[in-house]
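Asks: The structure is given below, and queries will be raised subsequently.
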Amino acid sequence: MIRALVFDCFGVLYWDDLNRLYNLVSPDKFQDINDIIHACDHGYITQEDFLNQVAALADISVEAVVAVIHAKQRRNEPMIERLRALKKDYKIGLLTNMGPGTLDTVFDETERAELFDVMVISSEVGMIKPSRDIFELTSERLGVPASETVFIDDRPVNTDGAERTGMQTILFTTNKQFDIELDRLTEGQ
């Protein structure tokens with residue numbers, strides 16, 4: 001029986017593409033960009049440090065980096081509304097790889113309280129997906145066994161990580177596909 005749904009933020013509830021950062025530098029600096037993103041997601045550096053380091057690496061202004069990050073960013077409003085409806089029947093969690101302070105730009109405090117029973121942010125706990133530990137922590141905080149939880153993410157590496165802890169998963173591609181997959185998983189409940 002499914003009792004909890006755990007959503008990734010970026011790529012599911014919020015559309016963005018951090019991969020655009022790689023376009024700012026030459027291929028020989030891709031690993032450096034990757035390292036900066038991971039340091040921020042782990043909480044080792046602040047959002048300000050992240051922006052400054054990317055700007056220095058790309059030899060552009062912080063403002064230009066911010067513009068690249070926020071270009072085409074938008075909320076997936078239909079999915080957020082669907083999440084509100086699902087909250088009546090399920091515990092809802094947010095599990096995301098995110099740097100310090102980033103969540104404030106996506107959901108305000110009131111909305112976070114309305115939407116999520118539990119939020120596990122990588123930079124706050126010092127772990128990132130697909131680490132088994134972060135999925136186990138999420139189950140623990142929800143108070144729901146992994147076997148009774150569905151994790152929704154747009155990246156196969158993260159759904160694979162969740163499956164290793166016993167969670168059921170939905171590899172998110174579209175809102176309609178999500179509904180079809182959730183109906184399949186909860187059929188007969």
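Residue numbering restarts at 1 for every chain of the structure tokens, chains are lettered A, B, ... in their displayed order, and ligands are numbered from 1 as they appear.
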Show me, as a Markdown table, the residues of region 60-126 of chain A having an atom within 12 Å of region 43-51 of chain A, each with the closest atom pair and its distance in Å, using only C-alpha atoms.
Replies:
| residue | atom | partner | partner_atom | distance |
| --- | --- | --- | --- | --- |
| A:Ile60 | CA | A:Leu51 | CA | 10.4 |
| A:Ser61 | CA | A:Leu51 | CA | 9.0 |
| A:Val62 | CA | A:Leu51 | CA | 5.8 |
| A:Glu63 | CA | A:Leu51 | CA | 8.7 |
| A:Ala64 | CA | A:Leu51 | CA | 9.6 |
| A:Val65 | CA | A:Leu51 | CA | 6.7 |
| A:Val66 | CA | A:Leu51 | CA | 7.4 |
| A:Ala67 | CA | A:Leu51 | CA | 10.9 |
| A:Val68 | CA | A:Leu51 | CA | 11.0 |
| A:Ile69 | CA | A:Leu51 | CA | 9.8 |
| A:Asn97 | CA | A:Gly43 | CA | 9.7 |
| A:Met98 | CA | A:Gly43 | CA | 8.2 |
| A:Gly99 | CA | A:Gly43 | CA | 5.9 |
| A:Pro100 | CA | A:Thr46 | CA | 5.7 |
| A:Gly101 | CA | A:Gln47 | CA | 6.6 |
| A:Thr102 | CA | A:Gln47 | CA | 7.3 |
| A:Leu103 | CA | A:Gln47 | CA | 10.9 |
| A:Asp104 | CA | A:Gln47 | CA | 11.4 |
| A:Thr105 | CA | A:Gln47 | CA | 11.4 |
| A:Ile121 | CA | A:Gly43 | CA | 9.3 |
| A:Ser122 | CA | A:Gly43 | CA | 7.1 |
| A:Ser123 | CA | A:Gly43 | CA | 3.7 |
| A:Glu124 | CA | A:Gly43 | CA | 6.3 |
| A:Val125 | CA | A:Gly43 | CA | 7.9 |
| A:Gly126 | CA | A:Gly43 | CA | 6.1 |
Asks: Can you check which residues of region 32-99 of chain A DSSP gives as strand (DSSP E) on the backbone and send them as a list in words?
Replies: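 Output for region 32-99 of chain A, strand (DSSP E) only: Arg74, Arg75, Lys91, Ile92, Gly93, Leu94, Leu95 and Thr96 of chain A.
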Asks: Quick one: distance from CA of Met79 (chain A) to CA of Phe135 (chain A) in Å, one decimal?
Replies: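 Value for the CA of Met79 (chain A)-CA of Phe135 (chain A) distance: 21.9 Å.
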